[in-house]
$ cat input33.txt   # compact mmCIF, C-alpha atoms
# COMPACT_ATOMS: atom_id res chain seq x y z
CA ASN V 861 15.78 -43.70 50.23
CA ALA V 862 17.64 -43.26 46.96
CA TRP V 863 16.86 -39.54 46.81
CA LEU V 864 18.30 -38.86 50.27
CA ARG V 865 21.35 -41.01 49.51
CA ASP V 866 22.21 -38.93 46.43
CA THR V 867 21.34 -35.54 47.97
CA SER V 868 23.57 -33.38 50.15
CA ILE V 869 22.45 -31.98 53.48
CA GLY V 870 22.22 -28.49 52.01
CA GLU V 871 20.00 -29.58 49.14
CA ALA V 872 17.78 -31.60 51.46
CA GLY V 873 17.46 -28.64 53.83
CA ARG V 874 16.62 -26.30 50.95
CA SER V 875 13.99 -28.71 49.62
CA GLY V 876 12.45 -28.97 53.08
CA THR V 877 12.40 -25.18 53.38
CA GLU V 878 10.74 -24.87 49.98
CA PHE V 879 8.07 -27.35 51.03
CA TRP V 880 7.53 -25.31 54.21
CA ALA V 881 7.19 -22.17 52.08
CA MET V 882 4.55 -23.98 50.03
CA THR V 883 2.52 -24.53 53.19
CA LEU V 884 2.64 -20.75 53.68
CA GLY V 885 1.20 -20.13 50.22
CA SER V 886 4.24 -19.65 48.00
CA PRO V 887 5.02 -21.62 44.84
CA ALA V 888 8.27 -23.56 44.98
CA VAL V 889 10.66 -24.97 42.39
CA PHE V 890 11.76 -28.60 42.76
CA TYR V 891 14.40 -29.63 40.21
CA GLY V 892 13.09 -27.20 37.66
CA VAL V 893 9.41 -28.04 38.22
CA THR V 894 7.22 -25.29 39.68
CA VAL V 895 4.65 -26.54 42.18
CA SER V 896 1.98 -24.13 43.39
CA ILE V 897 -0.59 -26.39 45.06
CA ILE V 898 -0.64 -25.68 48.79
CA PRO V 899 -0.57 -28.68 51.17
CA LEU V 900 -3.37 -27.18 53.25
CA LEU V 901 -3.46 -29.91 55.89
CA TRP V 902 0.06 -29.01 56.97
CA THR V 903 -0.98 -25.34 56.96
CA LEU V 904 -3.81 -26.14 59.37
CA ILE V 905 -1.45 -28.18 61.51
CA GLN V 906 0.80 -25.14 61.80
CA VAL V 907 -2.12 -23.07 63.08
CA VAL V 908 -2.83 -25.69 65.77
CA VAL V 909 0.85 -25.95 66.73
CA PHE V 910 1.16 -22.15 66.94
CA ARG V 911 -1.92 -22.06 69.17
CA ALA V 912 -0.49 -24.82 71.38
CA LEU V 913 2.77 -22.92 71.81
CA LEU V 914 0.82 -19.88 72.96
CA LEU V 915 -0.58 -21.89 75.87
CA SER V 916 2.66 -21.21 77.72
CA GLY V 917 1.74 -17.52 77.72
CA ARG V 918 -1.77 -17.93 79.10
CA ASN V 919 -0.78 -15.91 82.18
CA PHE V 920 0.39 -12.99 80.07
CA GLY V 921 -1.75 -10.19 78.73
CA SER V 922 -3.13 -10.16 75.20
CA ALA V 923 -0.55 -7.54 74.16
CA ALA V 924 2.24 -10.02 74.84
CA LEU V 925 0.53 -12.59 72.63
CA TRP V 926 0.11 -10.13 69.76
CA THR V 927 3.85 -9.37 69.82
CA SER V 928 4.54 -12.97 68.79
CA ILE V 929 3.32 -12.18 65.26
CA PRO V 930 6.17 -9.85 64.18
CA PHE V 931 8.76 -12.20 65.70
CA TYR V 932 7.29 -15.13 63.80
CA LEU V 933 7.37 -13.15 60.56
CA LEU V 934 10.99 -12.19 61.25
CA THR V 935 11.85 -15.88 61.78
CA VAL V 936 10.20 -16.84 58.48
CA LEU V 937 12.08 -14.09 56.67
CA ILE V 938 15.46 -15.14 58.09
CA VAL V 939 14.98 -18.86 57.40
CA LEU V 940 13.77 -18.45 53.82
CA THR V 941 16.46 -15.91 52.98
CA ALA V 942 19.31 -17.88 54.53
CA SER V 943 18.32 -21.18 52.92
CA GLY V 944 18.32 -19.81 49.37
CA ALA V 945 14.97 -21.46 48.66
CA GLN V 946 13.43 -20.65 45.29
CA VAL V 947 10.16 -19.23 46.57
CA ILE V 948 8.17 -15.99 46.40
CA LEU V 949 9.09 -14.31 49.67
CA TRP V 950 6.20 -11.88 50.01
CA ARG V 951 3.60 -14.60 49.53
CA SER V 952 5.27 -16.67 52.23
CA LEU V 953 5.18 -13.69 54.58
CA VAL V 954 1.49 -13.08 53.84
CA GLY V 955 0.68 -16.72 54.57
CA ALA V 956 2.75 -16.66 57.75
CA GLY V 957 0.93 -13.51 58.83
CA LEU V 958 -2.46 -15.15 58.33
CA ILE V 959 -1.41 -18.28 60.23
CA SER V 960 -0.09 -16.28 63.18
CA LEU V 961 -3.08 -13.92 63.15
CA ILE V 962 -5.56 -16.81 63.35
CA ALA V 963 -3.61 -18.58 66.09
CA VAL V 964 -3.10 -15.46 68.22
CA GLY V 965 -6.69 -14.30 67.73
CA TRP V 966 -7.86 -17.74 68.79
CA ALA V 967 -5.69 -17.60 71.93
CA VAL V 968 -6.76 -14.08 72.88
CA ALA V 969 -10.45 -14.89 72.44
CA ARG V 970 -10.13 -18.02 74.61
CA GLN V 971 -8.33 -16.38 77.52
CA THR V 972 -10.19 -13.07 77.58
CA GLU V 973 -12.89 -13.04 80.28
CA THR V 974 -14.14 -9.48 79.87
CA PHE V 975 -14.38 -8.07 76.39
CA PRO V 976 -14.27 -4.31 75.72
CA ARG V 977 -17.47 -2.36 75.21
CA TRP V 978 -17.02 -2.07 71.44
CA ALA V 979 -16.70 -5.85 71.16
CA LYS V 980 -19.91 -6.36 73.15
CA ARG V 981 -21.75 -4.04 70.78
CA LEU V 982 -20.63 -6.22 67.87
CA ARG V 983 -21.78 -9.45 69.47
CA TRP V 984 -24.14 -10.04 66.56
CA VAL V 985 -21.11 -9.96 64.23
CA TRP V 986 -19.30 -12.66 66.22
CA SER V 987 -22.50 -14.71 66.40
CA GLY V 988 -23.03 -14.46 62.64
CA THR V 989 -19.40 -15.39 61.99
CA LEU V 990 -19.74 -18.53 64.11
CA ILE V 991 -22.89 -19.48 62.19
CA GLY V 992 -21.03 -19.02 58.91
CA LEU V 993 -18.18 -21.21 60.16
CA SER V 994 -20.70 -23.88 61.16
CA TRP V 995 -22.01 -23.82 57.59
CA LEU V 996 -18.42 -24.22 56.38
CA ALA V 997 -17.95 -27.21 58.71
CA ALA V 998 -21.12 -28.79 57.30
CA VAL V 999 -19.88 -28.34 53.73
CA ALA V 1000 -16.48 -29.76 54.70
CA ALA V 1001 -18.25 -32.80 56.17
CA VAL V 1002 -20.06 -33.27 52.86
CA GLY V 1003 -16.77 -33.07 50.97
CA LEU V 1004 -15.10 -35.57 53.29
CA THR V 1005 -18.05 -37.96 52.97
CA VAL V 1006 -18.05 -37.78 49.16
CA LEU V 1007 -14.28 -38.30 49.11
CA GLY V 1008 -14.61 -41.31 51.40
CA ILE V 1009 -17.25 -42.85 49.15
CA ALA V 1010 -15.04 -42.28 46.09
CA LEU V 1011 -12.10 -43.93 47.85
CA ALA V 1012 -14.20 -46.93 48.90
CA VAL V 1013 -15.55 -47.42 45.39
CA SER V 1014 -12.16 -46.97 43.67
CA TRP V 1015 -9.97 -48.66 46.27
CA PRO V 1016 -8.80 -51.53 43.98
CA GLU V 1017 -7.68 -48.98 41.36
CA VAL V 1018 -5.90 -46.95 44.05
CA ILE V 1019 -3.97 -50.02 45.23
CA ALA V 1020 -3.08 -50.98 41.66
CA THR V 1021 -1.80 -47.48 40.92
CA THR V 1022 0.28 -47.47 44.12
CA GLU V 1023 1.95 -50.74 43.12
CA LEU V 1024 2.99 -49.21 39.79
CA PHE V 1025 5.43 -46.93 41.64
CA GLY V 1026 7.37 -49.96 42.88
CA PHE V 1027 8.02 -48.51 46.34
CA SER V 1028 8.65 -50.50 49.48
CA SER V 1029 6.25 -50.40 52.41
CA ALA V 1030 8.02 -47.33 53.76
CA GLY V 1031 7.88 -45.68 50.35
CA ASN V 1032 4.16 -46.42 50.03
CA PHE V 1033 3.61 -44.93 53.48
CA GLY V 1034 5.48 -41.79 52.44
CA LEU V 1035 3.41 -41.56 49.25
CA GLY V 1036 0.22 -41.85 51.25
CA ALA V 1037 1.39 -39.24 53.78
CA MET V 1038 2.29 -36.86 50.97
CA GLN V 1039 -1.19 -37.19 49.48
CA ALA V 1040 -2.75 -36.76 52.93
CA MET V 1041 -1.15 -33.31 53.13
CA TYR V 1042 -3.48 -32.33 50.29
CA LEU V 1043 -6.63 -33.70 51.93
CA PRO V 1044 -8.35 -30.27 52.07
CA MET V 1045 -7.73 -29.87 48.34
CA PHE V 1046 -9.32 -33.25 47.60
CA MET V 1047 -12.30 -32.30 49.78
CA ALA V 1048 -12.62 -29.01 47.89
CA CYS V 1049 -12.62 -30.92 44.59
CA ALA V 1050 -15.33 -33.23 45.93
CA ILE V 1051 -17.49 -30.24 46.90
CA ALA V 1052 -16.90 -28.62 43.51
CA TRP V 1053 -17.94 -31.87 41.82
CA VAL V 1054 -21.15 -32.11 43.87
CA SER V 1055 -22.03 -28.45 43.26
CA GLY V 1056 -21.81 -28.94 39.51
CA ALA V 1057 -19.04 -26.35 39.04
CA GLY V 1058 -16.49 -29.15 38.77
CA PHE V 1059 -12.72 -29.31 39.15
CA SER V 1060 -9.87 -29.34 36.65
CA VAL V 1061 -7.94 -32.55 36.07
CA VAL V 1062 -5.24 -33.57 33.62
CA GLY V 1063 -5.05 -31.28 30.62
CA GLY V 1064 -7.42 -28.72 32.09
CA LEU V 1065 -10.47 -30.92 31.53
CA VAL V 1066 -13.31 -30.42 33.99
CA SER V 1067 -15.01 -33.22 35.89
CA SER V 1068 -18.36 -32.54 37.57
CA ALA V 1069 -21.74 -34.07 38.29
CA HIS V 1070 -22.74 -33.00 34.77
CA VAL V 1071 -19.54 -33.81 32.83
CA VAL V 1072 -17.25 -36.83 32.67
CA ALA V 1073 -13.57 -36.00 32.09
CA PRO V 1074 -11.37 -38.64 30.40
CA ASN V 1075 -9.00 -40.03 33.01
CA GLU V 1076 -6.22 -41.49 30.91
CA THR V 1077 -3.20 -40.16 32.88
CA ILE V 1078 -3.04 -41.30 36.50
CA PHE V 1079 0.01 -39.64 38.05
CA LEU V 1080 -1.02 -40.26 41.68
CA PRO V 1081 -3.14 -42.99 43.31
CA ILE V 1082 -5.74 -40.46 44.42
CA VAL V 1083 -6.44 -39.59 40.78
CA ALA V 1084 -7.99 -43.04 40.36
CA THR V 1085 -10.92 -41.84 42.51
CA ILE V 1086 -12.13 -39.35 39.88
CA PRO V 1087 -15.70 -40.38 38.94
CA THR V 1088 -16.16 -41.98 35.55
CA THR V 1089 -19.91 -41.21 35.41
CA ALA V 1090 -22.01 -38.04 35.53
CA PRO V 1091 -25.14 -38.60 37.67
CA GLY V 1092 -26.81 -35.36 36.61
CA ALA V 1093 -28.49 -32.31 38.10
CA TRP V 1094 -30.00 -34.15 41.06
CA VAL V 1095 -26.61 -34.13 42.83
CA PRO V 1096 -26.41 -30.31 43.10
CA ALA V 1097 -30.09 -30.41 44.12
CA LEU V 1098 -29.09 -32.56 47.10
CA LEU V 1099 -26.53 -29.92 48.10
CA ALA V 1100 -29.26 -27.26 47.91
CA LEU V 1101 -31.45 -29.50 50.04
CA GLY V 1102 -28.67 -29.50 52.61
CA GLY V 1103 -28.80 -25.71 52.49
CA VAL V 1104 -32.50 -25.92 53.33
CA GLY V 1105 -31.62 -28.05 56.35
CA LEU V 1106 -29.10 -25.46 57.52
CA GLY V 1107 -31.80 -22.82 57.07
CA VAL V 1108 -34.13 -24.79 59.35
CA VAL V 1109 -31.42 -24.99 62.01
CA PHE V 1110 -30.73 -21.27 61.61
CA SER V 1111 -34.41 -20.42 62.12
CA VAL V 1112 -34.48 -22.49 65.32
CA VAL V 1113 -31.28 -20.93 66.68
CA THR V 1114 -32.50 -17.38 66.04
CA SER V 1115 -36.17 -17.98 66.94
CA ARG V 1116 -35.92 -15.87 70.12
CA LEU V 1117 -34.45 -12.93 68.25
CA SER V 1118 -36.32 -10.36 66.24
CA LEU V 1119 -36.49 -10.80 62.49
CA VAL V 1120 -34.10 -7.86 61.97
CA ASP V 1121 -31.50 -9.29 64.38
CA ALA V 1122 -31.79 -12.73 62.80
CA ALA V 1123 -31.45 -11.28 59.30
CA ARG V 1124 -28.32 -9.29 60.07
CA ARG V 1125 -26.73 -12.28 61.77
CA GLY V 1126 -27.60 -14.29 58.69
CA ALA V 1127 -26.05 -11.65 56.43
CA VAL V 1128 -22.80 -11.82 58.41
CA ALA V 1129 -22.94 -15.63 58.31
CA LEU V 1130 -23.35 -15.57 54.54
CA ALA V 1131 -20.49 -13.09 54.09
CA SER V 1132 -18.12 -15.08 56.32
CA PHE V 1133 -19.11 -18.35 54.64
CA ALA V 1134 -18.54 -16.88 51.18
CA ALA V 1135 -15.14 -15.46 52.20
CA ALA V 1136 -14.04 -18.78 53.72
CA MET V 1137 -15.19 -20.70 50.64
CA TYR V 1138 -13.31 -18.31 48.36
CA VAL V 1139 -10.07 -18.70 50.34
CA TRP V 1140 -10.43 -22.47 50.54
CA MET V 1141 -11.22 -23.00 46.87
CA SER V 1142 -8.56 -20.55 45.70
CA ALA V 1143 -5.89 -22.16 47.92
CA SER V 1144 -6.88 -25.59 46.54
CA ARG V 1145 -6.16 -24.56 42.95
CA GLY V 1146 -2.66 -24.68 41.48
CA SER V 1147 -0.27 -26.58 39.25
CA LEU V 1148 2.29 -29.38 39.24
CA GLY V 1149 4.57 -28.08 36.54
CA GLU V 1150 3.36 -27.20 33.07
CA ASN V 1151 1.45 -28.69 30.15
CA LEU V 1152 -1.00 -31.38 31.30
CA LEU V 1153 -0.70 -30.54 35.02
CA ALA V 1154 -0.70 -26.75 34.67
CA THR V 1155 -4.25 -26.37 36.03
CA LEU V 1156 -5.52 -28.55 38.85
CA GLY V 1157 -8.20 -28.13 41.49
CA PRO V 1158 -11.66 -26.53 41.72
CA THR V 1159 -12.79 -24.23 38.93
CA PRO V 1160 -12.67 -20.47 39.66
CA ASP V 1161 -16.45 -20.20 40.13
CA ALA V 1162 -16.78 -23.24 42.41
CA TRP V 1163 -16.85 -21.08 45.55
CA LEU V 1164 -19.60 -18.90 44.12
CA VAL V 1165 -21.79 -21.83 43.08
CA THR V 1166 -21.36 -23.51 46.48
CA THR V 1167 -22.15 -20.26 48.28
CA GLY V 1168 -25.35 -19.92 46.29
CA LEU V 1169 -26.49 -23.51 46.79
CA VAL V 1170 -25.69 -23.63 50.50
CA GLY V 1171 -25.26 -20.16 51.99
CA CYS V 1172 -27.94 -18.25 50.08
CA VAL V 1173 -30.45 -21.10 50.40
CA ALA V 1174 -29.75 -21.39 54.13
CA LEU V 1175 -30.19 -17.64 54.69
CA ALA V 1176 -33.39 -17.47 52.62
CA GLY V 1177 -34.83 -20.54 54.32
CA GLY V 1178 -33.89 -19.34 57.79
CA VAL V 1179 -35.50 -15.93 57.30
CA ALA V 1180 -38.60 -17.44 55.67
CA LEU V 1181 -39.08 -19.90 58.56
CA HIS V 1182 -38.47 -17.34 61.31
CA PRO V 1183 -41.44 -17.14 63.74
CA GLU V 1184 -41.93 -13.43 63.04
CA THR V 1185 -42.02 -14.05 59.30
CA ARG V 1186 -44.58 -16.81 59.72
CA ARG V 1187 -46.67 -14.63 62.03
CA ARG V 1188 -46.64 -11.75 59.55
CA ALA V 1189 -47.53 -14.14 56.76
CA LYS V 1190 -50.51 -15.45 58.75
CA GLU V 1191 -51.63 -11.91 59.59
CA GLY V 1192 -51.30 -10.87 55.97
CA PHE V 1193 -53.24 -13.92 54.78
CA GLY V 1194 -55.92 -13.27 57.40
CA SER V 1195 -56.24 -9.63 56.35
CA PHE V 1196 -56.50 -10.75 52.73
CA ARG V 1197 -59.29 -13.19 53.60
CA GLU V 1198 -61.15 -10.56 55.59
CA ALA V 1199 -60.85 -8.05 52.77
CA ARG V 1200 -62.06 -10.65 50.28
CA SER V 1201 -65.03 -11.56 52.49
CA ALA V 1202 -65.92 -7.88 52.88
CA ASP V 1203 -65.82 -7.43 49.12
CA GLU V 1204 -68.10 -10.43 48.65
CA ASP V 1205 -70.56 -9.08 51.27
CA GLU V 1206 -70.62 -5.70 49.58
CA GLY V 1207 -71.30 -7.43 46.28
CA VAL V 1208 -74.24 -9.31 47.79
CA ASP V 1209 -75.65 -6.13 49.36
CA SER V 1210 -75.27 -4.25 46.11
CA THR V 1211 -77.06 -7.00 44.16
CA GLY V 1212 -79.92 -7.09 46.68
CA GLY V 1213 -80.32 -3.32 46.59
CA ASP V 1214 -80.49 -3.30 42.81
CA ALA V 1215 -83.16 -5.99 42.86
CA ILE V 1216 -85.26 -4.04 45.36
CA GLN V 1217 -84.89 -0.85 43.33
CA ALA V 1218 -85.89 -2.70 40.17
CA SER V 1219 -88.95 -4.08 41.95
CA VAL V 1220 -89.91 -0.61 43.14
CA ASP V 1221 -89.50 0.77 39.63
CA ASP V 1222 -91.66 -2.00 38.17
CA THR V 1223 -94.36 -1.29 40.75
CA ASP V 1224 -94.36 2.42 39.92
CA VAL V 1225 -94.66 1.72 36.21
CA SER V 1226 -97.61 -0.63 36.76
CA ASP V 1227 -99.38 1.92 38.95
CA ASN V 1228 -98.90 4.64 36.34
CA GLU V 1229 -100.29 2.42 33.56
CA ALA V 1230 -103.36 1.54 35.64
CA TYR V 1231 -103.99 5.20 36.39
CA VAL V 1232 -103.82 6.10 32.69
CA ASP V 1233 -106.30 3.32 31.84
CA GLU V 1234 -108.78 4.58 34.42
CA VAL V 1235 -108.50 8.16 33.15
CA GLY V 1236 -109.09 6.93 29.61
CA LYS V 1237 -112.26 5.06 30.54
CA GLU V 1238 -113.69 8.05 32.36
CA SER V 1239 -112.98 10.30 29.42
CA ASN V 1240 -114.68 7.96 26.99
CA GLY V 1241 -117.77 7.82 29.08
CA ARG V 1242 -117.99 11.60 29.43
CA PHE V 1243 -117.69 12.46 25.78
$ encode --input "input33.txt" --output "C-alpha cells"
Amino acid sequence: NAWLRDTSIGEAGRSGTEFWAMTLGSPAVFYGVTVSIIPLLWTLIQVVVFRALLLSGRNFGSAALWTSIPFYLLTVLIVLTASGAQVILWRSLVGAGLISLIAVGWAVARQTETFPRWAKRLRWVWSGTLIGLSWLAAVAAVGLTVLGIALAVSWPEVIATTELFGFSSAGNFGLGAMQAMYLPMFMACAIAWVSGAGFSVVGGLVSSAHVVAPNETIFLPIVATIPTTAPGAWVPALLALGGVGLGVVFSVVTSRLSLVDAARRGAVALASFAAAMYVWMSASRGSLGENLLATLGPTPDAWLVTTGLVGCVALAGGVALHPETRRRAKEGFGSFREARSADEDEGVDSTGGDAIQASVDDTDVSDNEAYVDEVGKESNGRF
C-alpha cells in the first residue's frame, strides 16, 4: 500500500483514531478534507461487540454493568485526546454514550428475570416500542431490497468504475469494504428514493422516484447505482401499501386487547418508529469535503415522509381493522338502518292517516250537501 509506505506510525494511528471518532458521530479531517458521513455499519458493529464483552459479566448485578458506561467514556476521552485527532470531542462522547447505553440496556434487559413494579406497569410502552422497531426492520428490509436491485441492474457500471481506480485485487477489496461500512447510509438513500423525498447527490441535486438527477461525476463505484429514470408516484404508493400490510399485522397482534390498549401501544410504536427514522436519516446525511460533495444523503424531510407513509398508515390501518372498531362500526350501521326503517314506517303511517282523514272529511262534506238539498226541497214544497 503506497499510502502506508509513505506514512509514519503516528500519522497512521491518528488517521485510524479519526476514523473511529467518525463512527462515534464526529466529523474528521483527513489531509485537509472534512468528512462528516458516519460509517454506520461500523457503529452497529461496536454495539454488538460491546454487548458481547458484557457477556463476561452475566453473573454480576445490573449495577455493575451500568458502571461500564463511564469507564468507556473515559477511555474514549483519553484515546482521542492523546492521539491529537482532529475531531469534535463532545460529539464523539455523545456517540460513545449512546453506543454504551444501548449495549448495556440490551444486556440488562436480557439477564433480568424479575422486573421492578414500575417497569411492569409500563409493559405497554415496551410492547409498543418493540412494534415500532419491527416497523423499522421492515423498512430497512425494503431499503436493502431496493439497494440490491439497483446493484444487480447497475453491476457492469460498478465494475467499470472500480477498474478506473487501477487498484490491485487487495485494493479493490479494501475499496469494497470501505463502501460496505456505509451500507446503512445507502439503505437510507434507497428508502428516501422510494418515499419520494429523495436524497442529495453530487452538487446537491436530488434524486427520487419523481426526479432524475444528472449523474455526471462518479467518485465511488456505488454512485453508479443511482437510478437514471423516475418511475413516478406509484413507487411511494407501494410503500404506503406496505404500511397497510403492517397495519393488518398490528390489528392481528393486538386483537385480544381493548381498542384503547391497542391504540396507546400503536401511539408508542409510531413515536419510537419516527424517532428511529429521524436518527437514522440524520446520521446518514453528511459531506465529503466541500463544493460538489458538501451535501450527500437523504433530504432533511425524508424521515418525516417515510414516517407518514409507513408509520401513520400502519397505525391508522391497525386501529381501523381492530375487532372492537369493526364491531362498533357494525353496531353503528345497524342502528342507522333501524333508525332509517323507523323513519320510513312513520312516514307510511302518517301518509295513511292523512288519507283516512281526507276520506272522512270528504264524507262529511257530501253528507252536509245532501242535507241542504233535502231541506231546500221541503221548503219549496211548503211555500
$ closest_residue --input "input33.txt" --among "V:Gly1036, V:Gly1146, V:Gly1026, V:Pro1160" --to "V:Ser886" --atoms "all atoms listed in the file"
V:Gly1146
$ closest_residue --input "input33.txt" --among "V:Phe1133, V:Asn1151, V:Leu949, V:Leu1181" --to "V:Thr989" --atoms "all atoms listed in the file"
V:Phe1133
$ closest_residue --input "input33.txt" --among "V:Leu1106, V:Ala1069, V:Ala1134, V:Val954" --to "V:Trp1094" --atoms "only C-alpha atoms"
V:Ala1069
$ closest_residue --input "input33.txt" --among "V:Pro1158, V:Gly921, V:Gly1126, V:Pro1183" --to "V:Phe1046" --atoms "all atoms listed in the file"
V:Pro1158
$ closest_residue --input "input33.txt" --among "V:Val1120, V:Leu1080, V:Val1095, V:Ala1001" --to "V:Ala1040" --atoms "only C-alpha atoms"
V:Leu1080
$ residues_around --input "input33.txt" --residues "V:Asp1121" --least-positions-apart "6" --cutoff "12 Å" --atoms "all atoms listed in the file" --output "JSON, numbers by chain"
{"V": [982, 983, 984, 985, 987, 988, 1111, 1113, 1114, 1115, 1127, 1128, 1179, 1182, 1184]}
$ atom_distance --input "input33.txt" --atom1 "atom CA of V:Leu996" --atom2 "atom CA of V:Gly1168"
13.0 Å
$ residues_around --input "input33.txt" --residues "V:Met1047" --least-positions-apart "4" --cutoff "7 Å" --atoms "only C-alpha atoms" --output "list in words"
Ala1000, Gly1003, Leu1004, Leu1007, Leu1043 and Ile1051 of chain V
$ atom_distance --input "input33.txt" --atom1 "atom CA of V:Ala881" --atom2 "atom CA of V:Val947"
6.9 Å
$ closest_residue --input "input33.txt" --among "V:Val1062, V:Val1173, V:Ala956, V:Thr1005" --to "V:Leu1148" --atoms "all atoms listed in the file"
V:Val1062
